[in-house]
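Data block below; observations after.
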Amino acid sequence: MAFTTDFSELDFKTILDQELIEVHFQPLFSIREKKIVGFEGLSRGIHPKSGRLIPPLPLLKMAKEADLTLELDRLLRKKILESFKQFCPDPHDLILSLNFETSIIDKEIGSLQLIQLCRQLNLDPSNIVIEILEAKVKSVDALAKFVRIHREHGFLIALDDVGKGHSNFDRIPIIQPDIIKIDRSLVTNLHQDYYRQEIFKSLVQLSQKIGALALAEGVETEEETLASLELGADLLQGYYFSEPQEPSVDFTQLVTGILDPVADKFKKQMVEKLNIRKMQHERYNLMIEDLVGELSALEEKQLEGELPTALVNHSIARGHLCAQRKGAPNHRHVLQDETEFPQGYLPHAPQGDGLFNQGLFLFLDGRGI
Ligand code: G
Ligand code: MN
């Protein structure tokens, strides 16, 4: 059902008192395992008069205006956990990811409502991921305490919307997240945007180094899916696979209908890329062998004069080694990334200038010569 935009005659207190909340679930996918690994629970208000759904943001705004943020947040958490229990009575290894209104963390430490709710509903906290929007927290000490207590009880912690607005990277050591949710703003058009790709890659590397999973949020197209996977995302979430939906929906058909085909396509694409790379390497090996053979026949003092000619003869300064990576704006970017050698090296450097020599050095050095 579409959201209402008509908030007239809306009595927020009625929503709270009558618990007029509906929970939708959006699946989280692992392509490697070809399965749904869990769901993000997202709550919507129900308009007391029209019965239509109210998006979470206006709901939270109304709660704030009525100074009832804590009450609403508790109600939402209760509803999400109850719906999950109903929808997934025995979750096994499925996770439920829920958003936590971080501005109220200080107040929450006293009540530990989530822990109590899990006990009441017989839910294992290790199936629950608490999503934290770290930018909103006022007290770092309270945040650290909140995370420590919940982790001790077995909950998992995710950092939400990483890369959006003013993400506070200094909080990563405090939260030590299990999942890093890379914000949609970095995923949109990922396949076409060199800068987004580099930031995305850094966040994936960071995740790997701290033992967290990297989740790409808001994947809307096949191209964004394939790009996220190629850059190393462990998990995916977004409209391309599914919008948040009522729990009555049969989510399993998403696996055969969307996940399997895109996983196969990704695999095929990677095999093709690897084969092209292998052929290129073979060609470069031959070139380098020829080049080294020619250069080693020269006297040392001849070397400097002959080197540029030898390189040109072996096509190294010509089109063959132009950057293959689409969108690399200039040679500086390519040179920084030694892992892309040799095909991502020296796109436009004119023969014989400083950059060229530096590139050659790295190139030869990279080959162990
Ligand atoms: O920031 P957070 O992870 O809580 O984001 C959840 C919100 O993002 C939900 O409101 C959900 O509907 C929305 N969302 C999820 N996937 C997509 C998507 O692919 N595109 C857009 N535009 N929004 C999405
Ligand atoms: Mn979220």
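Simple scheme: letters A, B, ... for chains in structure tokens order, numbers from 1 for residues in each chain, numbers from 1 for ligands in the order shown.
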Would you please extract all strand (DSSP E or B) residues from segment 116-172 of chain A, as assigned by DSSP on the backbone, and give them as a list in words?
Ile128, Val129, Ile130, Glu131, Ile132, Leu156, Ile157, Ala158, Leu159, Asp160, Asp161 and Val162 of chain A
Could you save those same residues with N, CA and C atoms as a short mmCIF file (atom, residue, chain, number, x, y, z; two decimals), in the first residue's frame?
```cif
data_model
loop_
_atom_site.label_atom_id
_atom_site.label_comp_id
_atom_site.auth_asym_id
_atom_site.auth_seq_id
_atom_site.Cartn_x
_atom_site.Cartn_y
_atom_site.Cartn_z
N ILE A 128 19.78 -10.87 16.16
CA ILE A 128 19.33 -9.47 16.06
C ILE A 128 20.52 -8.53 15.81
N VAL A 129 20.35 -7.68 14.79
CA VAL A 129 21.37 -6.66 14.51
C VAL A 129 20.80 -5.31 14.90
N ILE A 130 21.56 -4.58 15.71
CA ILE A 130 21.13 -3.22 16.07
C ILE A 130 21.85 -2.24 15.15
N GLU A 131 21.06 -1.51 14.36
CA GLU A 131 21.67 -0.53 13.44
C GLU A 131 21.83 0.80 14.14
N ILE A 132 23.05 1.29 14.13
CA ILE A 132 23.32 2.55 14.81
C ILE A 132 23.72 3.62 13.80
N LEU A 156 24.28 -8.30 17.53
CA LEU A 156 25.25 -7.82 16.56
C LEU A 156 25.02 -6.33 16.35
N ILE A 157 26.08 -5.63 15.96
CA ILE A 157 25.95 -4.18 15.80
C ILE A 157 26.31 -3.80 14.37
N ALA A 158 25.45 -2.98 13.76
CA ALA A 158 25.75 -2.47 12.41
C ALA A 158 25.87 -0.95 12.47
N LEU A 159 26.75 -0.42 11.65
CA LEU A 159 26.80 1.03 11.47
C LEU A 159 26.00 1.36 10.23
N ASP A 160 24.98 2.18 10.40
CA ASP A 160 24.05 2.47 9.31
C ASP A 160 24.50 3.71 8.53
N ASP A 161 24.15 3.73 7.25
CA ASP A 161 24.35 4.92 6.39
C ASP A 161 25.79 5.43 6.38
N VAL A 162 26.75 4.52 6.36
CA VAL A 162 28.15 4.95 6.39
C VAL A 162 28.50 5.61 5.05
#
```
List as a list in words the protein and nucleic acid residues near Phe39 of chain A, meaning an atom at most 10 Å away when only C-alpha atoms are counted, but skip any in the same chain fewer than 5 places from it.
His24, Phe25, Gln26, Pro27, Leu28, Phe29, Phe84, Leu94, Ile95, Leu96, Ser97, Leu98, Ile128, Val129, Gln237 and Pro244 of chain A
Please dump the current selection as a PDB file, in the first residue's frame; keep N, CA and C atoms.
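Output saved as again15.pdb:
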```
ATOM      1  N   HIS A  24       7.098  -3.744   8.051  1.00  0.00           N
ATOM      2  CA  HIS A  24       7.466  -4.347   6.766  1.00  0.00           C
ATOM      3  C   HIS A  24       8.904  -4.852   6.844  1.00  0.00           C
ATOM      4  N   PHE A  25       9.212  -5.802   5.987  1.00  0.00           N
ATOM      5  CA  PHE A  25      10.551  -6.387   6.023  1.00  0.00           C
ATOM      6  C   PHE A  25      11.210  -6.271   4.654  1.00  0.00           C
ATOM      7  N   GLN A  26      12.455  -5.862   4.662  1.00  0.00           N
ATOM      8  CA  GLN A  26      13.212  -5.805   3.406  1.00  0.00           C
ATOM      9  C   GLN A  26      14.367  -6.808   3.502  1.00  0.00           C
ATOM     10  N   PRO A  27      14.435  -7.742   2.557  1.00  0.00           N
ATOM     11  CA  PRO A  27      15.456  -8.789   2.674  1.00  0.00           C
ATOM     12  C   PRO A  27      16.884  -8.300   2.432  1.00  0.00           C
ATOM     13  N   LEU A  28      17.806  -8.963   3.102  1.00  0.00           N
ATOM     14  CA  LEU A  28      19.245  -8.720   2.922  1.00  0.00           C
ATOM     15  C   LEU A  28      19.805  -9.975   2.256  1.00  0.00           C
ATOM     16  N   PHE A  29      20.567  -9.781   1.188  1.00  0.00           N
ATOM     17  CA  PHE A  29      20.996 -10.933   0.387  1.00  0.00           C
ATOM     18  C   PHE A  29      22.500 -11.160   0.459  1.00  0.00           C
ATOM     19  N   PHE A  84       8.568 -10.045  13.744  1.00  0.00           N
ATOM     20  CA  PHE A  84       9.615 -10.972  13.292  1.00  0.00           C
ATOM     21  C   PHE A  84       9.379 -12.360  13.887  1.00  0.00           C
ATOM     22  N   LEU A  94      18.792 -16.743  10.283  1.00  0.00           N
ATOM     23  CA  LEU A  94      18.287 -15.488   9.695  1.00  0.00           C
ATOM     24  C   LEU A  94      18.417 -14.356  10.707  1.00  0.00           C
ATOM     25  N   ILE A  95      18.831 -13.195  10.211  1.00  0.00           N
ATOM     26  CA  ILE A  95      18.959 -12.080  11.143  1.00  0.00           C
ATOM     27  C   ILE A  95      17.833 -11.052  10.936  1.00  0.00           C
ATOM     28  N   LEU A  96      17.539 -10.369  12.019  1.00  0.00           N
ATOM     29  CA  LEU A  96      16.620  -9.230  11.959  1.00  0.00           C
ATOM     30  C   LEU A  96      17.440  -7.991  12.268  1.00  0.00           C
ATOM     31  N   SER A  97      17.414  -7.047  11.342  1.00  0.00           N
ATOM     32  CA  SER A  97      18.168  -5.813  11.538  1.00  0.00           C
ATOM     33  C   SER A  97      17.183  -4.713  11.873  1.00  0.00           C
ATOM     34  N   LEU A  98      17.411  -4.006  12.966  1.00  0.00           N
ATOM     35  CA  LEU A  98      16.466  -2.935  13.301  1.00  0.00           C
ATOM     36  C   LEU A  98      17.178  -1.635  13.633  1.00  0.00           C
ATOM     37  N   ILE A 128      19.783 -10.868  16.156  1.00  0.00           N
ATOM     38  CA  ILE A 128      19.331  -9.468  16.057  1.00  0.00           C
ATOM     39  C   ILE A 128      20.518  -8.529  15.809  1.00  0.00           C
ATOM     40  N   VAL A 129      20.354  -7.681  14.793  1.00  0.00           N
ATOM     41  CA  VAL A 129      21.373  -6.661  14.508  1.00  0.00           C
ATOM     42  C   VAL A 129      20.805  -5.305  14.901  1.00  0.00           C
ATOM     43  N   GLN A 237      21.236  -4.977  -0.304  1.00  0.00           N
ATOM     44  CA  GLN A 237      19.862  -4.646   0.093  1.00  0.00           C
ATOM     45  C   GLN A 237      19.388  -3.539  -0.833  1.00  0.00           C
ATOM     46  N   PRO A 244      10.716  -2.853   0.993  1.00  0.00           N
ATOM     47  CA  PRO A 244      10.198  -3.426   2.234  1.00  0.00           C
ATOM     48  C   PRO A 244       8.764  -3.900   1.992  1.00  0.00           C
TER      49      PRO A 244
END
```
Around ligand 1, out to 8 Å and counting only C-alpha atoms and all ligand atoms, which residues are there? I want them as a list in words.
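Checking only C-alpha atoms and all ligand atoms against ligand 1 at 8 Å gives Gln26, Glu40, Leu42, Pro55, Pro56, Asn99, Glu131, Asp160, Asp161, Lys181, Asp183, Arg184, Glu217, Gly218, Val219, Glu220, Gln237, Gly238, Tyr239, Tyr240, Ser242, Glu243 and Pro244 of chain A.
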With only C-alpha atoms as the basis for distance, which of A:Ala310, A:Ile104, A:Val262, A:Ile199 is at the shortest distance from Leu229 of chain A?
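Closest to Leu229 of chain A of all the choices is A:Val262.
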Could you write out, as a ChimeraX atom specification, all the residues of segment 79-205 of chain A that DSSP marks as helix (DSSP H, G or I)?
/A:79-87,102-111,113-121,125-127,134-136,140-152,169-175,184-187,190-192,194-205
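Each of A:Leu117, A:Lys201, A:Glu304, A:Ser43 was compared to ligand 2 using only C-alpha atoms and all ligand atoms, and A:Ser43 turns out to be the nearest.
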Distance in Å - atom CA of Lys79 of chain A versus atom CA of Ile182 of chain A:
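Atom CA of Ile182 of chain A lies 26.1 Å from atom CA of Lys79 of chain A.
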So that I can check the surroundings of Glu152 of chain A, please list as a PyMOL selection string every protein, DNA and RNA residue that reaches within 12 Å of it, counting only C-alpha atoms and ignoring chain neighbours fewer than 5 positions away.
chain A and resi 115+125-126+145-147+157
Show me, as an NGL selection string, the residues that have an atom within 12 Å of Leu68 of chain A when counting only C-alpha atoms, minus same-chain residues fewer than 5 positions from it.
:A and (12-13 or 15-17 or 59-63 or 73-75 or 104)
Could you turn the residues from that selection into a file that holds C-alpha atoms, as a short mmCIF file (atom, residue, chain, number, x, y, z; two decimals), in the first residue's frame?
```cif
data_model
loop_
_atom_site.label_atom_id
_atom_site.label_comp_id
_atom_site.auth_asym_id
_atom_site.auth_seq_id
_atom_site.Cartn_x
_atom_site.Cartn_y
_atom_site.Cartn_z
CA PHE A 12 -0.27 10.97 17.25
CA LYS A 13 -1.30 9.98 20.77
CA ILE A 15 -1.24 5.87 17.23
CA LEU A 16 0.85 5.42 20.34
CA ASP A 17 -1.97 4.31 22.63
CA LEU A 59 6.07 9.63 12.53
CA LEU A 60 9.37 10.31 14.28
CA LYS A 61 8.91 14.04 13.67
CA MET A 62 5.50 13.99 15.35
CA ALA A 63 6.93 12.04 18.26
CA ASP A 73 10.95 4.16 19.57
CA ARG A 74 10.16 1.57 22.21
CA LEU A 75 6.84 0.81 20.57
CA ILE A 104 17.87 8.28 23.03
#
```
Using only C-alpha atoms, find each residue in segment 194-305 of chain A having at least one atom no more than 12 Å away from segment 169-177 of chain A; report its shortest atom-to-atom pair and that distance in Å (one decimal), rows by chain then rising number, as JSON lines.
```
{"residue": "A:Leu203", "atom": "CA", "partner": "A:Phe169", "partner_atom": "CA", "distance": 10.9}
{"residue": "A:Leu206", "atom": "CA", "partner": "A:Ile172", "partner_atom": "CA", "distance": 10.2}
{"residue": "A:Ser207", "atom": "CA", "partner": "A:Pro177", "partner_atom": "CA", "distance": 8.7}
{"residue": "A:Gln208", "atom": "CA", "partner": "A:Pro177", "partner_atom": "CA", "distance": 11.4}
{"residue": "A:Lys209", "atom": "CA", "partner": "A:Gln176", "partner_atom": "CA", "distance": 11.3}
{"residue": "A:Ile210", "atom": "CA", "partner": "A:Gln176", "partner_atom": "CA", "distance": 7.6}
{"residue": "A:Gly211", "atom": "CA", "partner": "A:Pro177", "partner_atom": "CA", "distance": 8.6}
{"residue": "A:Ala212", "atom": "CA", "partner": "A:Pro177", "partner_atom": "CA", "distance": 6.3}
{"residue": "A:Leu213", "atom": "CA", "partner": "A:Pro177", "partner_atom": "CA", "distance": 8.7}
{"residue": "A:Ala214", "atom": "CA", "partner": "A:Pro177", "partner_atom": "CA", "distance": 10.2}
{"residue": "A:Leu215", "atom": "CA", "partner": "A:Pro177", "partner_atom": "CA", "distance": 11.9}
```
For ligand 2, the closest of A:Glu223, A:Glu101, A:Glu19, A:Asp67 counting only C-alpha atoms and all ligand atoms is A:Glu101
To one decimal place, how far is atom CA of Lys268 of chain A from atom CA of Leu235 of chain A in Å?
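Going from atom CA of Lys268 of chain A over to atom CA of Leu235 of chain A covers 19.1 Å.
When only C-alpha atoms and all ligand atoms are used to compute distances to ligand 2, the closest of the residues A:Ile179, A:Leu123, A:Ala297, A:Ile54 turns out to be A:Ile179.
Interatomic distance, atom CA of Glu224 of chain A against atom CA of Gln192 of chain A: 9.0 Å.
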